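The block underneath contains the structure these notes are about, expressed in structure tokens.
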Amino acid sequence: MSQAEVNIGLVGHVDHGKTTLVKALTGKWTDTHSEELKRGITIRLGYADVEIKCCCDHATAKEECPICGKKTKAKRKVAFVDAPGHETLMAVMISGSAIMDGAILVIAANEQCPQPQTYEHLTALSVMGIKNLIVVQNKIDLVSREDALENYKQIKGFLKGTIAEGAPVIPVAAHHGINLDSLAEAIEEYIPTPKRDPNKPVLMYVARSFDVNKPGTDVGKIVGGVVGGSIIQGKLSIGDEIEIRPGTSRDDKYSPIKTKVVGLNTCGKTVKDAIPGGLIGVGTELDPSLTKTDRLVGNIAGDPAALPPVRKQLQITVEMMDRAVGMETVEPLKEKEPLVLNVGTATTIGVVTSLKPVTLTLKRPVCAADGSKVAISRRVGNRWRLVGYGEIQ
């Protein structure tokens with residue numbers, strides 16, 4: 001079982017234990033960037049895979065069944081997308097939600113619920129249309145039984161009337177690996193593998209891009225740049241010719257990039273073909289300088305004949321939220337107002353040039369089809385806050 005079938009986001013307020021939970025489930029610590037290790041918070045999207053196993057109708061991530069003691073068999077591989085929880089990194093979280101098929105909302109038992117990003121992340125999931133949800137009440141080892149029950153009531157009250165109202169609430173202590181089997185069973189029950197059509201022309205959201213060559217590598221041994229992300233339709237194979245849009249810029253003009261797939265990697269393993277589900281690393285013939293430090297994040301890669309158009313302007317339908325973090329009321333959009341927009345894995349600045357219909361001129365163009373979802377954030381003080389959403393017309 002080489003490729004994960006489903007992408008599950010880990011979202012929630014900063015320091016509520018998302019990365020620790022991923023480590024407990026997969027054995028991998030997803031914070032690897034030097035700045036993440038120094039500051040102790042997630043800054044970029046992190047990825048890790050695990051096989052959900054079963055035995056005697058019991059789901060687990062362990063090699064041995066905790067119920068009957070027998071060796072377990074792999075049932076399904078899932079990929080976790082660990083999103084930042086800090087308020088200044090909401091755009092990264094929203095971009096990551098574009099490749100999530102479901103999500104786990106992590107809420108710490110030792111803090112009042114909801115915290116600001118607990119509310120904001122759940123709202124973002126709703127905006128992006130992610131309906132398969134599980135709620136984890138983490139850090140139950142840090143509170144008394146009575147306080148854990150009181151926090152549980154707060155969580156249930158917070159979820160009432162939201163897309164997560166019927167979601168299971170699983171108490172865990174990720175740091176000690178407590179009750180992870182119940183979480184594994186909930187993943188199997190509440191986050192199914194979406195139906196996908198591998199026969200459609202291939203399209204992939206680019207969520208990461210990087211240069212894998214180490215400093216000092218001999219010129220003859222330098223390999224092409226790598227783009228990483230999730231295939232949303234079709235099948236990608238070694239040898240395929242692909243295009244990446246909007247591509248690279250020169251003098252504020254963007255040009256698509258064409259390249260060849262020379263390698264495919266998933267879960268640390270090399271494969272010949274990749275289909276939707278899981279996170280894929282695509283080796284290319286691109287100059288590594290084009291892909292280093294996430295320069296191509298927000299692009300769409302795939303069959304040139306099937307790629308959506310590149311848009312320098314967006315005409316969208318808009319729904320403003322009733323309330324937002326840091327705002328008692330959300331005012332309507334205003335002409336000439338700058339906004340942060342998330343479209344797929346792309347983040348860009350848009351300036352409102354018309355209100356009827358709502359039209360925005362983009363600082364950085366996006367590749368997006370009609371009907372694509374758009375998350376809208378407005379500057380409140382020195383922060384960008386999610387205030388609305390829409391669809392491209």
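Each chain of the structure tokens is named A, B, ... in the order shown, its residues numbered from 1; ligands are numbered from 1 in display order.
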So which residues of segment 96-268 of chain A fall under alpha helix (DSSP H) by DSSP, listed as a VMD selection string? chain A and resid 96 to 97 116 to 127 145 to 159 180 to 190
Applying 9 Å and only C-alpha atoms, which residues near Pro201 of chain A remain after dropping the ones on its own chain fewer than 3 positions away? List them as number ranges by chain. A: 198, 233-235, 302-303, 305-307
What lies within 8 Å of Leu125 of chain A using only C-alpha atoms, ignoring chain neighbours under 6 positions off, as a PDB file with C-alpha atoms, in the first residue's frame?
ATOM      1  CA  ILE A  94      -6.827  28.117   4.360  1.00  0.00           C
ATOM      2  CA  SER A  97      -7.670  23.228   3.288  1.00  0.00           C
ATOM      3  CA  LYS A 131     -17.902  18.464   5.862  1.00  0.00           C
TER       4      LYS A 131
END
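Residue nearest Thr123 of chain A, chosen from A:Ile242, A:Ala109, A:Met90, A:Ile99 and counting only C-alpha atoms: A:Met90.
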Find, counting only C-alpha atoms, the residue in A:Thr266, A:Thr162, A:Ser289, A:Gln112 that gets nearest to Glu150 of chain A.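 Using only C-alpha atoms, the shortest distance to Glu150 of chain A belongs to A:Gln112.
Here atom CA of Ile222 of chain A and atom CA of Thr291 of chain A stand 13.6 Å from one another.
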A:Val172, A:Ile130, A:Ile349, A:Ala103: which is nearest Thr20 of chain A, counting only C-alpha atoms? A:Val172
What lies within 10 Å of Ala4 of chain A using only C-alpha atoms, ignoring chain neighbours under 3 positions off, as a PyMOL selection string? chain A and resi 1+7+48-51+76-80+193+266-267+275-280
Contacts of Val340 of chain A within 9 Å, only C-alpha atoms, excl. fewer than 6 positions in-chain, as a list of chain:residue names: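 That gives A:Ala91, A:Thr347, A:Thr348, A:Ile349, A:Gly350, A:Val351, A:Ala375, A:Ile376, A:Ser377, A:Arg378, A:Arg379, A:Trp384, A:Arg385, A:Leu386.
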Could you write out that same residue set with C-alpha atoms as a PDB file, in the first residue's frame?
ATOM      1  CA  ALA A  91      -3.693  32.160   4.949  1.00  0.00           C
ATOM      2  CA  THR A 347      -2.933  33.283  -1.712  1.00  0.00           C
ATOM      3  CA  THR A 348      -3.068  36.703  -3.337  1.00  0.00           C
ATOM      4  CA  ILE A 349      -4.050  40.313  -2.691  1.00  0.00           C
ATOM      5  CA  GLY A 350      -7.157  41.592  -4.479  1.00  0.00           C
ATOM      6  CA  VAL A 351      -8.377  45.189  -4.654  1.00  0.00           C
ATOM      7  CA  ALA A 375     -11.994  32.800   0.986  1.00  0.00           C
ATOM      8  CA  ILE A 376     -11.944  36.525   1.809  1.00  0.00           C
ATOM      9  CA  SER A 377      -9.879  38.074   4.622  1.00  0.00           C
ATOM     10  CA  ARG A 378      -9.855  41.721   5.707  1.00  0.00           C
ATOM     11  CA  ARG A 379      -7.246  43.642   7.666  1.00  0.00           C
ATOM     12  CA  TRP A 384      -5.914  39.579   8.447  1.00  0.00           C
ATOM     13  CA  ARG A 385      -9.224  38.059   9.536  1.00  0.00           C
ATOM     14  CA  LEU A 386     -11.520  35.735   7.599  1.00  0.00           C
TER      15      LEU A 386
END
Check the DSSP output for the backbone and give back, as a PyMOL selection string, the residues of segment 317-387 of chain A in strand (DSSP E or B). chain A and resi 317-320+324+327+338-343+346-355+358-367+373-380+383-387
Output file for the residues above (C-alpha atoms, as an mmCIF file, in the first residue's frame):
data_model
loop_
_atom_site.group_PDB
_atom_site.id
_atom_site.type_symbol
_atom_site.label_atom_id
_atom_site.label_comp_id
_atom_site.auth_asym_id
_atom_site.auth_seq_id
_atom_site.Cartn_x
_atom_site.Cartn_y
_atom_site.Cartn_z
ATOM 1 C CA THR A 317 -20.422 36.110 -5.639
ATOM 2 C CA VAL A 318 -19.920 37.158 -2.014
ATOM 3 C CA GLU A 319 -21.338 36.055 1.328
ATOM 4 C CA MET A 320 -20.092 38.067 4.291
ATOM 5 C CA ALA A 324 -15.394 37.450 12.760
ATOM 6 C CA MET A 327 -14.971 42.267 14.935
ATOM 7 C CA PRO A 338 -7.463 45.536 -0.378
ATOM 8 C CA LEU A 339 -8.298 41.955 0.635
ATOM 9 C CA VAL A 340 -6.412 38.706 1.040
ATOM 10 C CA LEU A 341 -7.938 36.013 -1.162
ATOM 11 C CA ASN A 342 -7.404 32.258 -1.030
ATOM 12 C CA VAL A 343 -8.205 30.323 -4.202
ATOM 13 C CA ALA A 346 -3.007 30.197 -3.933
ATOM 14 C CA THR A 347 -2.933 33.283 -1.712
ATOM 15 C CA THR A 348 -3.068 36.703 -3.337
ATOM 16 C CA ILE A 349 -4.050 40.313 -2.691
ATOM 17 C CA GLY A 350 -7.157 41.592 -4.479
ATOM 18 C CA VAL A 351 -8.377 45.189 -4.654
ATOM 19 C CA VAL A 352 -12.122 45.746 -5.009
ATOM 20 C CA THR A 353 -12.711 47.637 -8.256
ATOM 21 C CA SER A 354 -16.475 47.145 -8.489
ATOM 22 C CA LEU A 355 -19.284 46.109 -6.137
ATOM 23 C CA VAL A 358 -18.035 42.254 -6.998
ATOM 24 C CA THR A 359 -14.851 42.449 -9.064
ATOM 25 C CA LEU A 360 -11.285 42.343 -7.775
ATOM 26 C CA THR A 361 -8.002 43.110 -9.499
ATOM 27 C CA LEU A 362 -5.284 40.729 -8.333
ATOM 28 C CA LYS A 363 -1.707 41.553 -7.413
ATOM 29 C CA ARG A 364 -0.752 37.987 -8.315
ATOM 30 C CA PRO A 365 -2.868 36.108 -10.886
ATOM 31 C CA VAL A 366 -4.427 32.738 -10.075
ATOM 32 C CA CYS A 367 -5.282 29.679 -12.131
ATOM 33 C CA LYS A 373 -14.305 28.788 -3.903
ATOM 34 C CA VAL A 374 -12.711 32.010 -2.683
ATOM 35 C CA ALA A 375 -11.994 32.800 0.986
ATOM 36 C CA ILE A 376 -11.944 36.525 1.809
ATOM 37 C CA SER A 377 -9.879 38.074 4.622
ATOM 38 C CA ARG A 378 -9.855 41.721 5.707
ATOM 39 C CA ARG A 379 -7.246 43.642 7.666
ATOM 40 C CA VAL A 380 -8.336 44.182 11.273
ATOM 41 C CA ARG A 383 -4.055 41.005 11.425
ATOM 42 C CA TRP A 384 -5.914 39.579 8.447
ATOM 43 C CA ARG A 385 -9.224 38.059 9.536
ATOM 44 C CA LEU A 386 -11.520 35.735 7.599
ATOM 45 C CA VAL A 387 -14.700 37.743 6.927
#
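Atom CA of Val223 of chain A to atom CA of Lys28 of chain A spans 26.2 Å [interatomic distance, one decimal].
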May I ask which of the residues A:Asn299, A:Asn132, A:Ser144, A:Asn213 is the closest one to Glu189 of chain A, counting only C-alpha atoms?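 Using only C-alpha atoms, Glu189 of chain A sits closest to A:Asn132.
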